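> Provided herewith: target_21.tsv, TSV, C-alpha atoms and all ligand atoms.
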```
chain	number	residue	atom	x	y	z
A	15	MET	CA	113.64	132.46	36.58
A	16	ASN	CA	112.77	136.03	37.60
A	17	TYR	CA	109.43	135.60	39.28
A	18	ARG	CA	109.23	136.63	42.94
A	19	HIS	CA	105.90	136.09	44.61
A	20	ALA	CA	106.74	138.78	47.19
A	21	PHE	CA	105.66	141.42	44.64
A	22	HIS	CA	102.20	139.91	44.42
A	23	ALA	CA	101.52	138.38	47.85
A	24	GLY	CA	98.02	139.14	49.10
A	25	ASN	CA	96.76	140.53	45.77
A	26	PHE	CA	93.31	139.70	44.39
A	27	ALA	CA	94.63	136.52	42.76
A	28	ASP	CA	96.04	135.28	46.09
A	29	VAL	CA	92.76	136.03	47.87
A	30	PHE	CA	90.86	134.05	45.22
A	31	LYS	CA	93.34	131.16	45.23
A	32	HIS	CA	93.68	130.89	48.99
A	33	ALA	CA	89.96	131.19	49.73
A	34	ILE	CA	89.38	128.25	47.36
A	35	LEU	CA	92.35	126.32	48.80
A	36	LEU	CA	90.83	126.56	52.28
A	37	ALA	CA	87.42	125.47	50.98
A	38	LEU	CA	89.10	122.45	49.38
A	39	LEU	CA	91.04	121.51	52.51
A	40	ASP	CA	88.03	122.01	54.78
A	41	ALA	CA	86.04	119.65	52.56
A	42	LEU	CA	88.84	117.06	52.55
A	43	THR	CA	89.50	117.22	56.31
A	44	ALA	CA	85.80	116.73	57.05
A	45	LYS	CA	86.54	113.00	56.72
A	46	ASP	CA	88.51	111.27	59.48
A	47	LYS	CA	91.19	109.70	57.29
A	48	PRO	CA	94.64	111.30	56.97
A	49	LEU	CA	95.57	113.04	53.74
A	50	CYS	CA	98.56	114.46	51.92
A	51	CYS	CA	98.63	117.94	50.40
A	52	PHE	CA	101.18	118.64	47.62
A	53	ASP	CA	102.08	122.23	46.75
A	54	THR	CA	104.17	122.00	43.56
A	55	HIS	CA	105.07	125.71	43.44
A	56	ALA	CA	105.16	126.63	47.09
A	57	GLY	CA	106.97	129.97	47.28
A	58	ARG	CA	108.55	131.06	50.58
A	59	GLY	CA	105.42	130.54	52.67
A	60	LEU	CA	105.22	133.93	54.39
A	61	TYR	CA	105.54	137.49	53.04
A	62	ALA	CA	106.09	140.74	54.93
A	63	LEU	CA	103.85	143.39	53.42
A	64	ASP	CA	106.25	146.19	54.35
A	65	ASP	CA	109.08	144.55	52.38
A	66	VAL	CA	110.35	146.57	49.41
A	67	GLU	CA	108.82	144.12	46.92
A	68	ALA	CA	105.29	144.25	48.33
A	69	ALA	CA	105.54	147.99	48.93
A	70	LYS	CA	106.72	148.59	45.37
A	71	THR	CA	103.58	147.18	43.72
A	72	GLY	CA	101.11	147.69	46.58
A	73	GLU	CA	99.03	144.93	44.95
A	74	TRP	CA	97.92	143.60	48.34
A	75	ARG	CA	95.90	146.79	48.92
A	76	ASP	CA	93.34	145.68	46.30
A	77	GLY	CA	93.41	142.15	47.69
A	78	ILE	CA	93.66	141.31	51.37
A	79	GLY	CA	93.84	145.05	52.11
A	80	ARG	CA	90.16	145.38	51.17
A	81	LEU	CA	89.11	142.59	53.54
A	82	PHE	CA	91.31	143.03	56.56
A	83	ALA	CA	90.44	146.59	57.49
A	84	GLY	CA	86.94	148.01	57.63
A	85	PRO	CA	83.64	146.29	58.26
A	86	GLU	CA	83.31	142.56	58.85
A	87	ALA	CA	84.00	140.48	55.76
A	88	PRO	CA	81.04	138.94	53.90
A	89	ALA	CA	80.06	135.62	55.51
A	90	PRO	CA	81.46	133.32	52.76
A	91	LEU	CA	84.90	134.98	53.14
A	92	ARG	CA	85.15	134.91	56.94
A	93	ARG	CA	86.88	131.54	57.10
A	94	TYR	CA	89.62	132.90	54.82
A	95	VAL	CA	89.94	136.25	56.61
A	96	ASP	CA	90.15	134.46	59.98
A	97	ALA	CA	93.09	132.44	58.63
A	98	ILE	CA	94.90	135.66	57.65
A	99	ARG	CA	94.06	137.17	61.04
A	100	ALA	CA	95.62	134.15	62.77
A	101	CYS	CA	98.93	135.17	61.16
A	102	ASN	CA	98.51	138.78	62.31
A	103	PRO	CA	97.42	138.28	65.92
A	104	ASP	CA	97.87	141.91	67.00
A	105	GLY	CA	95.16	142.98	64.53
A	106	THR	CA	97.49	144.91	62.19
A	107	LEU	CA	98.05	143.45	58.73
A	108	ARG	CA	101.81	142.97	58.59
A	109	VAL	CA	102.34	139.59	56.94
A	110	TYR	CA	100.56	137.54	54.34
A	111	PRO	CA	100.72	133.73	54.49
A	112	GLY	CA	101.37	131.75	51.32
A	113	SER	CA	99.62	128.54	50.37
A	114	PRO	CA	101.98	126.29	52.43
A	115	LEU	CA	101.25	128.11	55.68
A	116	LEU	CA	97.51	128.28	55.05
A	117	ALA	CA	97.47	124.59	54.24
A	118	ALA	CA	99.48	123.80	57.38
A	119	GLN	CA	96.92	125.70	59.46
A	120	ALA	CA	94.05	123.78	57.88
A	121	LEU	CA	95.60	120.31	58.11
A	122	ARG	CA	95.48	117.99	61.12
A	123	ALA	CA	98.28	116.39	63.16
A	124	ASN	CA	98.30	113.18	61.09
A	125	ASP	CA	98.14	114.84	57.66
A	126	ARG	CA	101.22	115.53	55.51
A	127	LEU	CA	102.33	118.51	53.47
A	128	VAL	CA	104.78	118.14	50.56
A	129	LEU	CA	106.19	121.48	49.42
A	130	CYS	CA	108.27	121.99	46.27
A	131	GLU	CA	110.08	125.21	45.45
A	132	MET	CA	112.75	125.55	42.79
A	133	GLN	CA	114.34	128.89	43.68
A	134	ASP	CA	117.05	128.39	46.28
A	135	GLU	CA	116.40	131.54	48.28
A	136	GLU	CA	112.68	130.82	48.49
A	137	ALA	CA	113.26	127.18	49.37
A	138	VAL	CA	115.66	128.15	52.17
A	139	ALA	CA	113.06	130.51	53.66
A	140	LEU	CA	110.37	127.86	53.30
A	141	ARG	CA	112.49	125.23	55.02
A	142	ALA	CA	113.20	127.61	57.91
A	143	LEU	CA	109.48	128.37	58.26
A	144	PHE	CA	108.62	124.67	58.60
A	145	ARG	CA	111.68	123.62	60.60
A	146	ASP	CA	109.55	122.61	63.59
A	147	ASP	CA	106.62	121.08	61.73
A	148	PRO	CA	107.14	117.33	61.29
A	149	ARG	CA	104.16	117.13	58.91
A	150	ALA	CA	105.91	119.28	56.30
A	151	HIS	CA	108.49	118.02	53.79
A	152	VAL	CA	110.26	120.70	51.77
A	153	HIS	CA	111.83	119.76	48.42
A	154	ALA	CA	114.04	122.26	46.62
A	155	ARG	CA	113.17	120.85	43.22
A	156	ASP	CA	110.93	121.07	40.18
A	157	GLY	CA	107.38	120.54	41.36
A	158	TYR	CA	106.26	118.79	38.17
A	159	ALA	CA	109.08	116.25	38.37
A	160	ALA	CA	108.33	115.74	42.06
A	161	LEU	CA	104.78	114.66	41.22
A	162	ASN	CA	106.18	111.97	38.96
A	163	ALA	CA	108.38	110.72	41.77
A	164	LEU	CA	106.03	111.07	44.72
A	165	LEU	CA	102.52	110.21	43.51
A	166	PRO	CA	100.50	108.46	44.72
A	167	PRO	CA	100.98	109.34	48.40
A	168	ALA	CA	100.82	106.55	50.97
A	169	GLU	CA	97.59	108.06	52.35
A	170	ARG	CA	95.88	107.67	48.95
A	171	ARG	CA	93.84	110.76	49.80
A	172	GLY	CA	94.59	114.39	49.26
A	173	LEU	CA	95.18	117.40	47.12
A	174	VAL	CA	97.74	118.60	44.58
A	175	LEU	CA	97.91	122.40	44.23
A	176	ILE	CA	99.66	123.57	41.05
A	177	ASP	CA	100.35	127.30	41.14
A	178	PRO	CA	103.12	128.16	38.66
A	179	PRO	CA	104.38	131.66	37.89
A	180	PHE	CA	103.40	131.41	34.18
A	181	GLU	CA	106.68	132.96	33.07
A	182	GLU	CA	106.29	130.86	29.91
A	183	GLN	CA	102.91	132.50	29.37
A	184	GLU	CA	100.72	130.14	27.30
A	185	GLY	CA	103.52	127.55	27.17
A	186	GLU	CA	102.87	126.81	30.84
A	187	PHE	CA	99.44	125.38	29.97
A	188	ALA	CA	101.04	122.62	27.89
A	189	THR	CA	103.40	121.79	30.76
A	190	ILE	CA	100.50	121.66	33.23
A	191	GLU	CA	98.41	119.52	30.93
A	192	ALA	CA	101.23	117.01	30.49
A	193	ALA	CA	101.80	116.96	34.26
A	194	LEU	CA	98.11	116.38	34.93
A	195	ARG	CA	97.96	113.49	32.48
A	196	LYS	CA	100.98	111.81	34.08
A	197	ALA	CA	99.64	112.48	37.58
A	198	HIS	CA	96.26	111.04	36.64
A	199	ALA	CA	97.94	107.87	35.40
A	200	ARG	CA	99.69	107.48	38.78
A	201	TRP	CA	96.90	108.73	41.02
A	202	PRO	CA	93.52	109.01	39.27
A	203	ASN	CA	91.60	109.72	42.49
A	204	GLY	CA	93.66	112.64	43.76
A	205	VAL	CA	92.08	116.07	43.91
A	206	TYR	CA	93.95	118.52	41.65
A	207	ALA	CA	93.67	122.30	41.78
A	208	VAL	CA	95.42	124.39	39.13
A	209	TRP	CA	95.53	128.18	39.36
A	210	TYR	CA	95.79	130.11	36.09
A	211	PRO	CA	95.91	133.79	35.13
A	212	ILE	CA	93.31	135.32	32.82
A	213	LYS	CA	94.35	138.12	30.54
A	214	SER	CA	92.00	137.02	27.78
A	215	HIS	CA	89.80	133.92	27.71
A	216	ARG	CA	91.03	133.20	24.20
A	217	ASN	CA	94.43	132.16	25.60
A	218	ILE	CA	92.93	129.66	28.02
A	219	ALA	CA	90.32	128.08	25.79
A	220	PRO	CA	92.56	125.33	24.29
A	221	PHE	CA	93.72	124.16	27.76
A	222	LEU	CA	90.15	123.89	29.04
A	223	ARG	CA	88.94	122.27	25.83
A	224	HIS	CA	91.60	119.55	26.12
A	225	LEU	CA	90.64	118.83	29.74
A	226	SER	CA	86.95	118.68	28.86
A	227	ALA	CA	87.88	115.53	26.97
A	228	GLY	CA	89.65	113.86	29.92
A	229	PRO	CA	91.50	112.29	31.61
A	230	PHE	CA	89.55	113.22	34.77
A	231	ASP	CA	85.91	112.13	34.97
A	232	LYS	CA	84.95	115.21	36.95
A	233	ALA	CA	86.35	118.71	36.64
A	234	PHE	CA	85.16	122.28	36.88
A	235	VAL	CA	86.66	125.73	36.64
A	236	ALA	CA	85.96	128.62	38.98
A	237	GLU	CA	86.87	132.03	37.56
A	238	LEU	CA	86.97	135.62	38.74
A	239	LEU	CA	87.42	138.68	36.53
A	240	VAL	CA	88.09	141.89	38.46
A	241	ARG	CA	87.51	143.76	35.18
A	242	PRO	CA	86.49	142.64	31.66
A	243	ASP	CA	89.11	140.56	29.87
A	244	ASP	CA	89.30	142.98	26.96
A	245	SER	CA	93.01	143.75	27.16
A	246	THR	CA	95.73	141.13	26.92
A	247	LEU	CA	98.21	143.52	28.50
A	248	ARG	CA	97.26	143.02	32.12
A	249	LEU	CA	95.99	140.46	34.58
A	250	ASN	CA	92.22	140.84	34.40
A	251	GLY	CA	91.35	137.85	36.49
A	252	CYS	CA	92.23	134.28	37.31
A	253	GLY	CA	90.78	130.84	37.55
A	254	MET	CA	91.13	127.57	39.35
A	255	LEU	CA	90.63	124.27	37.60
A	256	VAL	CA	89.52	121.62	40.11
A	257	ALA	CA	89.69	118.00	39.00
A	258	ASN	CA	87.95	115.37	41.17
A	259	PRO	CA	86.36	118.08	43.34
A	260	PRO	CA	85.22	117.02	46.83
A	261	TRP	CA	81.48	116.57	47.27
A	262	GLN	CA	79.53	119.85	47.39
A	263	LEU	CA	82.57	122.03	46.75
A	264	ASP	CA	80.70	123.54	43.80
A	265	ALA	CA	77.85	124.60	46.12
A	266	ARG	CA	80.35	126.13	48.54
A	267	LEU	CA	82.03	128.06	45.72
A	268	ALA	CA	78.64	129.21	44.43
A	269	THR	CA	78.46	131.46	47.50
A	270	LEU	CA	82.18	132.21	47.73
A	271	LEU	CA	82.67	133.46	44.15
A	272	PRO	CA	80.05	136.25	44.19
A	273	ALA	CA	81.50	137.48	47.50
A	274	LEU	CA	84.98	137.51	45.94
A	275	ARG	CA	83.70	139.42	42.91
A	276	ASP	CA	81.88	142.02	45.02
A	277	THR	CA	84.90	142.52	47.29
A	278	LEU	CA	87.67	142.50	44.69
A	279	ALA	CA	86.02	144.21	41.66
A	280	GLN	CA	88.21	146.86	40.04
A	281	SER	CA	85.60	147.97	37.47
A	282	PRO	CA	81.84	147.59	36.93
A	283	GLY	CA	82.56	144.78	34.45
A	284	ALA	CA	83.81	142.39	37.17
A	285	SER	CA	82.32	138.89	37.00
A	286	GLN	CA	82.59	135.34	38.28
A	287	ARG	CA	81.51	131.94	37.11
A	288	LEU	CA	81.73	128.26	37.88
A	289	ARG	CA	81.59	125.97	34.89
A	290	TRP	CA	81.74	122.18	34.83
A	291	LEU	CA	84.06	120.84	32.15
A	292	ARG	CA	83.17	117.21	32.79
A	293	GLY	CA	80.84	115.07	34.86
A	294	GLU	CA	78.66	117.44	36.88
B	1	LIG	C1	102.96	131.87	42.20
B	1	LIG	S1	104.33	131.48	43.18
B	1	LIG	C2	103.70	130.39	44.37
B	1	LIG	C3	102.83	130.98	45.39
B	1	LIG	C4	102.32	130.01	46.42
B	1	LIG	N1	101.75	128.82	45.81
B	1	LIG	C5	101.27	130.67	47.27
B	1	LIG	O1	100.08	130.58	46.94
B	1	LIG	O2	101.65	131.25	48.28
B	1	LIG	C6	105.24	130.37	42.18
B	1	LIG	C7	106.51	129.84	42.81
B	1	LIG	O3	106.95	128.74	42.03
B	1	LIG	C8	108.36	128.72	42.00
B	1	LIG	N2	108.70	127.90	40.83
B	1	LIG	C9	108.80	128.26	39.53
B	1	LIG	N3	108.97	127.17	38.74
B	1	LIG	C10	108.96	126.09	39.57
B	1	LIG	C11	109.03	124.69	39.36
B	1	LIG	N4	109.14	124.17	38.12
B	1	LIG	N5	108.97	123.87	40.43
B	1	LIG	C12	108.83	124.38	41.69
B	1	LIG	N6	108.74	125.70	41.95
B	1	LIG	C13	108.80	126.55	40.91
B	1	LIG	C14	108.75	130.17	41.95
B	1	LIG	O4	110.03	130.36	42.44
B	1	LIG	C15	107.66	130.80	42.85
B	1	LIG	O5	108.13	130.90	44.17
```
Do you think you could lay out the structure here as C-alpha cells?

Amino acid sequence: MNYRHAFHAGNFADVFKHAILLALLDALTAKDKPLCCFDTHAGRGLYALDDVEAAKTGEWRDGIGRLFAGPEAPAPLRRYVDAIRACNPDGTLRVYPGSPLLAAQALRANDRLVLCEMQDEEAVALRALFRDDPRAHVHARDGYAALNALLPPAERRGLVLIDPPFEEQEGEFATIEAALRKAHARWPNGVYAVWYPIKSHRNIAPFLRHLSAGPFDKAFVAELLVRPDDSTLRLNGCGMLVANPPWQLDARLATLLPALRDTLAQSPGASQRLRWLRGE
C-alpha cells in the first residue's frame, strides 16, 4: 500500500468530502439520541500543510487554500470553513483536519467514533491524536472487515463513512459494493456515505447502476467536477454516494454543491449534480 493522504490533504476532493460529512453529521446530531460514526479508512486525522508531502503537490492550494484566505466564504460553506478555522486558531492555515477530527468536533459527548486505519504509521498517529478522547476507538485494521465485526452499533443510529484510496482503481468499486451489501444485511438503517473519484463517468456507471437496484431503499449521489471528465488520466472530480440519507440532506446539498463548484472550479467546464438512484 503506497497511498499517503498527506499528499492530498485539503485538496478539492477533501473540501467536497468534508463539507458533505459535516452536513451529514449536523443532520444526524439534530436528534437527541446518541449515535456512532464509523470511518473505515480514517487516515492519520491531522495533516501539517508545510510537511514535505503537502508541499510537494501543493494540492491544498486549489482546495482549502481558496476558502481560507480572502473574502468570506459563500454562506453554504461557512460551517465547513469554521471547522477548519477551529483547527487553526491563530488565523493562519497551518494544518488540515482529516475526517476523524472533523467528525469528533461535530459529535456530542455521548456519541461514539470508530476509526479504522490499516497503515501502521498512520494508525499510530491517529491513536496519539485521540489519546484523550474517550468517545474515539481506533482500530489498526481493515475497515471493511471491521464493519463485518462491529455492525450494527449498540446505538442503532449513525453513519458509516467509506473513503478508500482507490489504489485498485475500478476494482475498489466491487469491494465497496460487497461491503455495502454485507453491511446492509447487518444494519439496514445505517446511513452510509461512500466517496469515489471521478476520472471518467464511464468507470463509475456500473457501480451506480448496481446500487440503483438495491439493497438500500433510498440512495443518491452528489458529484462535483472541477473540469470536464474528458480525460481518464487525471482526477477530474469526485462523488459521494449517500445511502439512507437523513431527512432534507438533499435540500442542504442543493445549496452546498453549487457553492463548491463555484469555489473549486479549475476550468469553465466545472459542474455539479445531485441524482437520486433510488427512492426520492
Ligand atoms: C483517502 S485516505 C483517508 C482520508 C480520511 N478519510 C479523511 O477524509 O481525512 C485513505 C486511508 O485509508 C487507509 N487504508 C487503505 N486501505 C485500507 C483498509 N482496507 N482499511 C483501513 N484503512 C485503509 C490508507 O492508509 C489511507 O490512510
> So that I can see what lies close to A:Ala62, please list as a VMD selection string the residues with an atom at most 10 Å from it, counting all atoms listed in the file and leaving out residues fewer than 3 positions away in the same chain.
chain A and resid 20 23 65 to 69 107 to 111
> Hey, can you spit out that residue selection with C-alpha atoms as a PDB file, in the coordinates of the input?

```pdb
ATOM      1  CA  ALA A  20     106.740 138.780  47.190  1.00  0.00           C
ATOM      2  CA  ALA A  23     101.520 138.380  47.850  1.00  0.00           C
ATOM      3  CA  ASP A  65     109.080 144.550  52.380  1.00  0.00           C
ATOM      4  CA  VAL A  66     110.350 146.570  49.410  1.00  0.00           C
ATOM      5  CA  GLU A  67     108.820 144.120  46.920  1.00  0.00           C
ATOM      6  CA  ALA A  68     105.290 144.250  48.330  1.00  0.00           C
ATOM      7  CA  ALA A  69     105.540 147.990  48.930  1.00  0.00           C
ATOM      8  CA  LEU A 107      98.050 143.450  58.730  1.00  0.00           C
ATOM      9  CA  ARG A 108     101.810 142.970  58.590  1.00  0.00           C
ATOM     10  CA  VAL A 109     102.340 139.590  56.940  1.00  0.00           C
ATOM     11  CA  TYR A 110     100.560 137.540  54.340  1.00  0.00           C
ATOM     12  CA  PRO A 111     100.720 133.730  54.490  1.00  0.00           C
TER      13      PRO A 111
END
```
> So, with all atoms listed in the file as the atoms that count, which of A:Gln133, A:Ser113, A:Thr54, A:Asn258 lies closest to A:Phe230?
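Selected residue with least distance to A:Phe230: A:Asn258.
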> Can you tell me how far atom CA of A:Arg93 sits from atom CA of A:Asn25, in Å to one decimal?
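Separation of atom CA of A:Arg93 and atom CA of A:Asn25: 17.5 Å.
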> Please enclose the listed atoms of stretch 18-25 of chain A in an axis-aligned box, pad each side by 8 Å, and write out the centre and the three edge lengths in Å, rounded to one decimal, as lines of an AutoDock Vina configuration file.

```
center_x = 103.0
center_y = 138.8
center_z = 46.0
size_x = 28.5
size_y = 21.3
size_z = 22.2
```
> Using only C-alpha atoms and all ligand atoms, can you tell me which of A:Arg75, A:Val95, A:Leu175, A:Leu194 comes closest to ligand LIG 1 (chain B)?
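Going through A:Arg75, A:Val95, A:Leu175, A:Leu194 one by one, the smallest distance to ligand LIG 1 (chain B) is for A:Leu175.
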> Go through A:Asp96, A:Glu131, A:Glu136, A:Asp177 and flag the residue nearest A:Val152, using all atoms listed in the file for the distances.
A:Glu131
> Write out as a tab-separated table the residues of chain A that have any atom within 7 Å of an atom of ligand LIG 1 (chain B), one row each with the nearest atom pair and its distance in Å to one decimal, counting only C-alpha atoms and all ligand atoms, sorted by chain and then rising number.

```
residue	atom	partner	partner_atom	distance
A:Tyr17	CA	B:LIG1	C14	6.1
A:Arg18	CA	B:LIG1	O5	6.0
A:His19	CA	B:LIG1	S1	5.1
A:Asp28	CA	B:LIG1	O1	6.3
A:Lys31	CA	B:LIG1	O1	7.0
A:His32	CA	B:LIG1	O1	6.7
A:Asp53	CA	B:LIG1	N1	6.7
A:Thr54	CA	B:LIG1	C12	5.6
A:His55	CA	B:LIG1	O3	3.8
A:Ala56	CA	B:LIG1	N1	4.3
A:Gly57	CA	B:LIG1	O5	3.4
A:Arg58	CA	B:LIG1	O5	6.4
A:Gly59	CA	B:LIG1	O2	5.8
A:Pro111	CA	B:LIG1	O2	6.8
A:Gly112	CA	B:LIG1	O2	3.1
A:Ser113	CA	B:LIG1	O2	4.0
A:Pro114	CA	B:LIG1	O2	6.5
A:Cys130	CA	B:LIG1	C12	5.2
A:Glu131	CA	B:LIG1	N6	3.8
A:Met132	CA	B:LIG1	N6	4.1
A:Gln133	CA	B:LIG1	O4	4.7
A:Glu136	CA	B:LIG1	O5	6.3
A:Arg155	CA	B:LIG1	C12	5.8
A:Asp156	CA	B:LIG1	N5	3.4
A:Gly157	CA	B:LIG1	N5	3.8
A:Tyr158	CA	B:LIG1	N4	6.1
A:Asp177	CA	B:LIG1	N1	5.1
A:Pro178	CA	B:LIG1	C6	4.7
A:Pro179	CA	B:LIG1	C1	4.5
```
> Using only C-alpha atoms, which residues sit within 9 Å of A:Leu173 once same-chain residues fewer than 4 positions away are excluded, as a PyMOL selection string?
chain A and resi 38-39+42+49-53+204-207
> If we count only C-alpha atoms, what is near stretch 186-191 of chain A at a cut-off of 9 Å, once residues fewer than 6 positions away on the same chain are taken out, given as a PyMOL selection string?
chain A and resi 158+176+178-180+208+210+218+220-221+224-225
> Take atom CA of A:Leu267 and atom CA of A:Arg248 and report the distance between them in Å, one decimal.
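Spanning atom CA of A:Leu267 to atom CA of A:Arg248 is a straight-line distance of 25.3 Å.
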> Please indicate the distance in Å from atom CA of A:Val128 to atom CA of A:Glu169, rounded to one decimal place.
12.5 Å
> Which is closest to A:Ala120 among A:Asp146, A:Asp40, A:Glu294, A:Asp276, if we use all atoms listed in the file?
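Among the listed residues, the smallest separation from A:Ala120 belongs to A:Asp40.
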> Could you tell me, as a short mmCIF file (atom, residue, chain, number, x, y, z; two decimals) with C-alpha atoms, in the coordinates of the input, which residues have any atom at most 8 Å from (100.8, 107.5, 43.4), counting all atoms listed in the file?

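And here's out-v3.cif as it stands now:
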```
data_model
loop_
_atom_site.label_atom_id
_atom_site.label_comp_id
_atom_site.auth_asym_id
_atom_site.auth_seq_id
_atom_site.Cartn_x
_atom_site.Cartn_y
_atom_site.Cartn_z
CA LEU A 164 106.03 111.07 44.72
CA LEU A 165 102.52 110.21 43.51
CA PRO A 166 100.50 108.46 44.72
CA PRO A 167 100.98 109.34 48.40
CA ALA A 168 100.82 106.55 50.97
CA ARG A 170 95.88 107.67 48.95
CA ALA A 197 99.64 112.48 37.58
CA ARG A 200 99.69 107.48 38.78
CA TRP A 201 96.90 108.73 41.02
#
```
> Using all atoms listed in the file, can you tell me which of A:His22, A:Lys213, A:Lys45, A:Arg289 comes closest to A:Tyr61?
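Of A:His22, A:Lys213, A:Lys45, A:Arg289, the one nearest A:Tyr61, counting all atoms listed in the file, is A:His22.
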> Between A:Thr246, A:Thr269, A:Asn217, A:Asn16, single out the one closest to A:Ala33, counting only C-alpha atoms.
A:Thr269
> With a distance cut-off of 6 Å and only C-alpha atoms, select the neighbouring residues of stretch 233-237 of chain A, excluding the residue or stretch itself and same-chain residues fewer than 6 positions from it, and output the selection as a JSON list (two decimals) with C-alpha atoms, in the frame of the given file.

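Written output follows (out_24.json):
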```json
[["chain", "number", "residue", "atom", "x", "y", "z"],
["A", 252, "CYS", "CA", 92.23, 134.28, 37.31],
["A", 253, "GLY", "CA", 90.78, 130.84, 37.55],
["A", 254, "MET", "CA", 91.13, 127.57, 39.35],
["A", 255, "LEU", "CA", 90.63, 124.27, 37.60],
["A", 256, "VAL", "CA", 89.52, 121.62, 40.11],
["A", 257, "ALA", "CA", 89.69, 118.00, 39.00],
["A", 258, "ASN", "CA", 87.95, 115.37, 41.17],
["A", 286, "GLN", "CA", 82.59, 135.34, 38.28],
["A", 287, "ARG", "CA", 81.51, 131.94, 37.11],
["A", 288, "LEU", "CA", 81.73, 128.26, 37.88],
["A", 289, "ARG", "CA", 81.59, 125.97, 34.89],
["A", 290, "TRP", "CA", 81.74, 122.18, 34.83],
["A", 291, "LEU", "CA", 84.06, 120.84, 32.15],
["A", 292, "ARG", "CA", 83.17, 117.21, 32.79]]
```
> Please check which residues have atoms at most 10 Å from (96.9, 127.2, 62.5) in the file's coordinates, counting only C-alpha atoms, and write them as a short mmCIF file (atom, residue, chain, number, x, y, z; two decimals) with C-alpha atoms, in the coordinates of the input.

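As written to disk, part24.cif reads:
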```cif
data_model
loop_
_atom_site.label_atom_id
_atom_site.label_comp_id
_atom_site.auth_asym_id
_atom_site.auth_seq_id
_atom_site.Cartn_x
_atom_site.Cartn_y
_atom_site.Cartn_z
CA ALA A 97 93.09 132.44 58.63
CA ILE A 98 94.90 135.66 57.65
CA ALA A 100 95.62 134.15 62.77
CA CYS A 101 98.93 135.17 61.16
CA LEU A 115 101.25 128.11 55.68
CA LEU A 116 97.51 128.28 55.05
CA ALA A 117 97.47 124.59 54.24
CA ALA A 118 99.48 123.80 57.38
CA GLN A 119 96.92 125.70 59.46
CA ALA A 120 94.05 123.78 57.88
CA LEU A 121 95.60 120.31 58.11
CA ARG A 122 95.48 117.99 61.12
#
```
> Hey, what's within 10 Å of A:Gln280 if we count all atoms listed in the file and toss same-chain stuff fewer than 5 positions away? As a PyMOL selection string, please?
chain A and resi 26+76+239-242+250+275
